[in-house]
file work.cif (mmCIF, C-alpha atoms)
data_my_file
loop_
_atom_site.group_PDB
_atom_site.id
_atom_site.type_symbol
_atom_site.label_atom_id
_atom_site.label_comp_id
_atom_site.auth_asym_id
_atom_site.auth_seq_id
_atom_site.Cartn_x
_atom_site.Cartn_y
_atom_site.Cartn_z
ATOM 1 C CA MET A 1 -9.998 16.449 -5.504
ATOM 2 C CA TRP A 2 -6.790 17.663 -3.937
ATOM 3 C CA ALA A 3 -6.374 17.936 -0.204
ATOM 4 C CA LYS A 4 -6.673 21.377 1.323
ATOM 5 C CA ASP A 5 -3.695 21.777 3.620
ATOM 6 C CA GLU A 6 -4.922 23.627 6.696
ATOM 7 C CA THR A 7 -1.859 22.959 8.824
ATOM 8 C CA PHE A 8 -1.673 26.208 10.721
ATOM 9 C CA SER A 9 1.181 27.293 12.929
ATOM 10 C CA ASN A 10 -0.798 28.706 15.852
ATOM 11 C CA CYS A 11 -4.363 27.469 16.077
ATOM 12 C CA HIS A 12 -5.335 28.967 19.465
ATOM 13 C CA VAL A 13 -7.244 32.259 19.392
ATOM 14 C CA LEU A 14 -9.805 33.836 17.083
ATOM 15 C CA LYS A 15 -9.543 37.568 16.652
ATOM 16 C CA LYS A 16 -12.369 38.273 14.233
ATOM 17 C CA HIS A 17 -15.122 36.547 12.203
ATOM 18 C CA TRP A 18 -16.646 34.975 15.322
ATOM 19 C CA THR A 19 -18.788 36.385 18.074
ATOM 20 C CA GLY A 20 -19.153 33.218 20.158
ATOM 21 C CA PRO A 21 -16.758 31.833 22.748
ATOM 22 C CA LEU A 22 -13.130 31.408 21.730
ATOM 23 C CA LEU A 23 -12.578 27.962 20.292
ATOM 24 C CA PRO A 24 -9.335 26.109 19.546
ATOM 25 C CA THR A 25 -9.975 25.668 15.826
ATOM 26 C CA GLN A 26 -11.115 29.194 15.105
ATOM 27 C CA ASP A 27 -7.949 31.167 14.654
ATOM 28 C CA ALA A 28 -7.571 29.129 11.472
ATOM 29 C CA LEU A 29 -9.978 31.621 9.957
ATOM 30 C CA GLU A 30 -7.239 34.245 10.006
ATOM 31 C CA GLU A 31 -4.344 32.036 8.989
ATOM 32 C CA ILE A 32 -3.333 31.737 5.379
ATOM 33 C CA PRO A 33 -3.100 28.039 4.496
ATOM 34 C CA ARG A 34 0.083 26.744 2.968
ATOM 35 C CA LEU A 35 -0.218 26.437 -0.777
ATOM 36 C CA PRO A 36 -0.560 22.843 -1.973
ATOM 37 C CA LEU A 37 1.640 21.421 -4.697
ATOM 38 C CA ARG A 38 -1.292 21.474 -7.091
ATOM 39 C CA PRO A 39 -3.679 24.412 -7.240
ATOM 40 C CA LEU A 40 -7.104 23.964 -5.700
ATOM 41 C CA ARG A 41 -10.287 25.003 -7.368
ATOM 42 C CA ILE A 42 -12.274 27.764 -5.710
ATOM 43 C CA ASP A 43 -15.976 28.501 -6.157
ATOM 44 C CA SER A 44 -17.572 31.913 -6.703
ATOM 45 C CA ASN A 45 -17.715 32.474 -2.907
ATOM 46 C CA ASN A 46 -13.938 31.937 -2.557
ATOM 47 C CA LYS A 47 -14.480 28.580 -0.871
ATOM 48 C CA TYR A 48 -12.369 25.578 -1.722
ATOM 49 C CA LEU A 49 -13.811 22.729 -3.765
ATOM 50 C CA SER A 50 -12.078 20.089 -1.689
ATOM 51 C CA GLN A 51 -13.123 16.991 0.208
ATOM 52 C CA SER A 52 -10.048 16.920 2.449
ATOM 53 C CA MET A 53 -8.803 18.960 5.385
ATOM 54 C CA ARG A 54 -5.579 18.811 7.399
ATOM 55 C CA LEU A 55 -5.702 20.224 10.899
ATOM 56 C CA ASN A 56 -2.813 18.234 12.323
ATOM 57 C CA ASN A 57 -0.155 19.559 14.716
ATOM 58 C CA ASN A 58 -2.188 22.467 16.098
ATOM 59 C CA ASN A 59 -2.573 21.760 19.829
ATOM 60 C CA ILE A 60 -6.336 21.390 19.301
ATOM 61 C CA THR A 61 -7.936 20.140 22.522
ATOM 62 C CA ASN A 62 -11.550 19.770 21.373
ATOM 63 C CA LEU A 63 -13.610 20.048 18.214
ATOM 64 C CA VAL A 64 -16.028 22.766 19.261
ATOM 65 C CA GLY A 65 -16.465 25.052 16.269
ATOM 66 C CA LEU A 66 -15.199 22.541 13.722
ATOM 67 C CA GLU A 67 -18.367 22.694 11.627
ATOM 68 C CA PHE A 68 -18.126 26.516 11.518
ATOM 69 C CA MET A 69 -14.522 26.389 10.379
ATOM 70 C CA LEU A 70 -15.210 23.738 7.732
ATOM 71 C CA SER A 71 -18.078 25.765 6.321
ATOM 72 C CA HIS A 72 -15.843 28.851 6.282
ATOM 73 C CA PHE A 73 -13.237 27.175 4.058
ATOM 74 C CA LEU A 74 -15.076 24.470 2.110
ATOM 75 C CA ALA A 75 -17.791 24.914 -0.488
ATOM 76 C CA GLN A 76 -19.415 21.628 0.538
ATOM 77 C CA PRO A 77 -18.302 20.689 4.071
ATOM 78 C CA SER A 78 -20.899 17.911 4.272
ATOM 79 C CA LEU A 79 -18.932 16.071 1.557
ATOM 80 C CA LEU A 80 -15.709 16.007 3.584
ATOM 81 C CA GLY A 81 -14.171 12.585 3.053
ATOM 82 C CA TRP A 82 -10.694 12.925 4.582
ATOM 83 C CA LEU A 83 -9.871 14.656 7.864
ATOM 84 C CA ASP A 84 -6.466 14.760 9.546
ATOM 85 C CA LEU A 85 -6.626 15.705 13.234
ATOM 86 C CA SER A 86 -3.430 13.875 14.164
ATOM 87 C CA CYS A 87 -0.842 15.103 16.645
ATOM 88 C CA ASN A 88 -3.109 17.428 18.587
ATOM 89 C CA LYS A 89 -4.318 17.225 22.191
ATOM 90 C CA ILE A 90 -7.808 15.847 21.599
ATOM 91 C CA THR A 91 -9.081 13.797 24.559
ATOM 92 C CA SER A 92 -12.488 12.713 23.281
ATOM 93 C CA ILE A 93 -14.249 12.016 20.015
ATOM 94 C CA GLU A 94 -17.018 14.557 19.744
ATOM 95 C CA CYS A 95 -20.362 14.162 17.997
ATOM 96 C CA VAL A 96 -19.407 16.750 15.366
ATOM 97 C CA LEU A 97 -17.326 14.039 13.675
ATOM 98 C CA CYS A 98 -20.401 11.796 13.421
ATOM 99 C CA GLU A 99 -22.167 14.533 11.456
ATOM 100 C CA LEU A 100 -19.572 14.137 8.685
ATOM 101 C CA LYS A 101 -21.511 11.277 7.079
ATOM 102 C CA GLU A 102 -19.260 11.070 4.001
ATOM 103 C CA LEU A 103 -16.071 10.731 6.056
ATOM 104 C CA ARG A 104 -13.923 7.906 4.723
ATOM 105 C CA VAL A 105 -10.495 8.594 6.235
ATOM 106 C CA LEU A 106 -9.938 9.912 9.767
ATOM 107 C CA TYR A 107 -6.516 10.455 11.318
ATOM 108 C CA LEU A 108 -6.603 10.790 15.096
ATOM 109 C CA HIS A 109 -3.187 9.345 15.945
ATOM 110 C CA GLY A 110 -0.926 11.142 18.386
ATOM 111 C CA ASN A 111 -3.697 12.652 20.518
ATOM 112 C CA ASP A 112 -4.736 12.105 24.148
ATOM 113 C CA ILE A 113 -7.793 9.863 23.726
ATOM 114 C CA TRP A 114 -7.872 7.728 26.856
ATOM 115 C CA SER A 115 -11.269 5.990 26.786
ATOM 116 C CA LEU A 116 -11.920 3.178 24.309
ATOM 117 C CA SER A 117 -15.661 3.864 24.509
ATOM 118 C CA GLU A 118 -14.993 7.121 22.610
ATOM 119 C CA VAL A 119 -14.472 5.048 19.444
ATOM 120 C CA ASN A 120 -18.054 3.740 19.734
ATOM 121 C CA LYS A 121 -19.315 7.164 18.668
ATOM 122 C CA LEU A 122 -17.805 6.644 15.209
ATOM 123 C CA GLY A 123 -19.990 3.589 14.540
ATOM 124 C CA GLU A 124 -22.458 5.864 12.723
ATOM 125 C CA LEU A 125 -19.929 6.593 9.966
ATOM 126 C CA ASN A 126 -20.863 3.947 7.409
ATOM 127 C CA TYR A 127 -18.248 5.004 4.841
ATOM 128 C CA LEU A 128 -15.292 5.206 7.244
ATOM 129 C CA HIS A 129 -12.723 2.737 5.920
ATOM 130 C CA THR A 130 -9.455 4.126 7.306
ATOM 131 C CA ILE A 131 -8.684 5.303 10.831
ATOM 132 C CA THR A 132 -5.549 5.951 12.847
ATOM 133 C CA LEU A 133 -5.667 5.919 16.628
ATOM 134 C CA HIS A 134 -2.160 4.774 17.550
ATOM 135 C CA GLY A 135 -0.241 7.069 19.846
ATOM 136 C CA ASN A 136 -3.304 7.562 22.066
ATOM 137 C CA LEU A 137 -3.613 6.022 25.525
ATOM 138 C CA ILE A 138 -6.317 3.645 24.249
ATOM 139 C CA GLU A 139 -3.662 1.835 22.243
ATOM 140 C CA ASN A 140 -2.463 0.233 25.505
ATOM 141 C CA ILE A 141 -5.847 -1.255 26.411
ATOM 142 C CA LYS A 142 -6.132 -5.013 25.983
ATOM 143 C CA GLY A 143 -8.390 -5.775 23.019
ATOM 144 C CA TYR A 144 -7.930 -2.298 21.511
ATOM 145 C CA ARG A 145 -7.627 -3.367 17.877
ATOM 146 C CA SER A 146 -10.399 -5.972 18.087
ATOM 147 C CA HIS A 147 -12.733 -3.483 19.731
ATOM 148 C CA VAL A 148 -12.164 -0.817 17.081
ATOM 149 C CA ILE A 149 -12.625 -3.314 14.241
ATOM 150 C CA SER A 150 -15.837 -4.656 15.798
ATOM 151 C CA ILE A 151 -17.277 -1.130 16.172
ATOM 152 C CA LEU A 152 -16.207 -0.054 12.661
ATOM 153 C CA PRO A 153 -16.933 -3.110 10.485
ATOM 154 C CA HIS A 154 -16.197 -1.288 7.197
ATOM 155 C CA LEU A 155 -12.556 -0.643 8.115
ATOM 156 C CA LYS A 156 -9.961 -1.596 5.528
ATOM 157 C CA ARG A 157 -7.009 0.050 7.263
ATOM 158 C CA MET A 158 -6.302 0.824 10.895
ATOM 159 C CA ASP A 159 -3.178 2.504 12.207
ATOM 160 C CA PHE A 160 -1.599 2.365 8.729
ATOM 161 C CA SER A 161 -1.939 -1.411 8.413
ATOM 162 C CA ALA A 162 -4.511 -3.490 6.562
ATOM 163 C CA VAL A 163 -7.465 -4.989 8.403
ATOM 164 C CA THR A 164 -7.674 -8.607 7.310
ATOM 165 C CA ARG A 165 -10.788 -10.738 6.875
ATOM 166 C CA GLN A 166 -9.540 -12.929 9.691
ATOM 167 C CA GLU A 167 -9.305 -9.909 12.001
ATOM 168 C CA LYS A 168 -12.878 -8.943 11.113
ATOM 169 C CA VAL A 169 -14.145 -12.449 11.866
ATOM 170 C CA LEU A 170 -12.195 -12.608 15.124
ATOM 171 C CA ALA A 171 -13.399 -9.129 16.120
ATOM 172 C CA SER A 172 -16.982 -10.184 15.483
ATOM 173 C CA ILE A 173 -16.578 -13.304 17.616
ATOM 174 C CA TRP A 174 -14.648 -11.364 20.216
ATOM 175 C CA SER A 175 -17.348 -8.700 20.535
ATOM 176 C CA THR A 176 -20.120 -11.247 21.130
ATOM 177 C CA ASN A 177 -18.276 -13.729 23.354
ATOM 178 C CA ILE A 178 -15.853 -11.703 25.408
ATOM 179 C CA LYS A 179 -16.621 -9.013 27.935
ATOM 180 C CA PRO A 180 -15.899 -5.534 26.637
ATOM 181 C CA PRO A 181 -12.359 -4.314 27.264
ATOM 182 C CA ARG A 182 -11.587 -1.754 29.887
ATOM 183 C CA THR A 183 -12.505 1.655 28.566
ATOM 184 C CA ARG A 184 -9.322 3.218 29.860
ATOM 185 C CA PRO A 185 -5.820 2.017 30.646
ATOM 186 C CA LYS A 186 -5.331 0.436 34.030
ATOM 187 C CA ASP A 187 -3.774 2.774 36.585
ATOM 188 C CA ALA A 188 -0.565 1.594 38.172
ATOM 189 C CA SER A 189 -2.336 1.699 41.546
ATOM 190 C CA GLU A 190 -5.118 -0.710 40.443
ATOM 191 C CA HIS A 191 -4.837 -4.427 41.095
ATOM 192 C CA ASP A 192 -6.361 -7.354 39.163
#
call {"tool": "encode", "arguments": {"input": "work.cif", "output": "structure tokens"}}
result
Amino acid sequence: MWAKDETFSNCHVLKKHWTGPLLPTQDALEEIPRLPLRPLRIDSNNKYLSQSMRLNNNNITNLVGLEFMLSHFLAQPSLLGWLDLSCNKITSIECVLCELKELRVLYLHGNDIWSLSEVNKLGELNYLHTITLHGNLIENIKGYRSHVISILPHLKRMDFSAVTRQEKVLASIWSTNIKPPRTRPKDASEHD
């Protein structure tokens, strides 16, 4: 299936189609997605038959309403396998991502995730084999890569580089023998 490009120019305010509180992902309902290079198939309800969604570069701060938006555009949102949320302003990994049980590729690089414990929430995603988290504050935490690999044992690629067998073994040993890393970067005012 081809990726549905939902890179919208101004993903801030919903004007119609929604009666709940205004959510950062909802104005996508009014935007017309850029046309992909290859045409996408559409079902009888005018929903895309795609397993991919790009929501990068939209100043999204949280994922409230994501499931509503996915179901608005995709014929089978529960089969979403590739989600690009890179280069937004997301600060935490919300449970809505854990409901995407078929998710295999997740781009979260270039956001504002500051707590390494946020990654633990993704441990439920058994098919997740590719993740990007670089460009977030957690990247500066000692043990960052080992922690992510230990939490997500099915990873094949992290931050656009391969996860080796040796890294998986070391992450497994690291997670059982070493105290967990700090969940957030050390403030300049803190002392060892």
call {"tool": "closest_residue", "arguments": {"input": "work.cif", "among": "A:Gln51, A:Asn111, A:Ser117, A:Thr130", "to": "Leu70 (chain A)", "atoms": "only C-alpha atoms"}}
result
A:Gln51
call {"tool": "closest_residue", "arguments": {"input": "work.cif", "among": "A:Leu108, A:Leu103, A:Ile60, A:Ala162", "to": "Leu137 (chain A)", "atoms": "all atoms listed in the file"}}
result
A:Leu108
call {"tool": "resolve_selection", "arguments": {"input": "work.cif", "expression": "the PyMOL selection byres ((chain A and resi 138-146) around 12)", "output": "ChimeraX atom specification"}}
result
/A:91-92,108-120,131-137,147-153,155,157-159,161-164,166-176,178-187
call {"tool": "resolve_selection", "arguments": {"input": "work.cif", "expression": "the PyMOL selection byres ((chain A and resi 124) around 10)", "output": "ChimeraX atom specification"}}
result
/A:97-101,120-123,125-128,151-152
call {"tool": "atom_distance", "arguments": {"input": "work.cif", "atom1": "CA of Asp43 (chain A)", "atom2": "CA of Leu55 (chain A)"}}
result
21.6 Å
call {"tool": "closest_residue", "arguments": {"input": "work.cif", "among": "A:His129, A:His72, A:Arg41, A:Lys89", "to": "Asn58 (chain A)", "atoms": "all atoms listed in the file"}}
result
A:Lys89
call {"tool": "atom_distance", "arguments": {"input": "work.cif", "atom1": "CA of Ile90 (chain A)", "atom2": "CA of Arg54 (chain A)"}}
result
14.7 Å
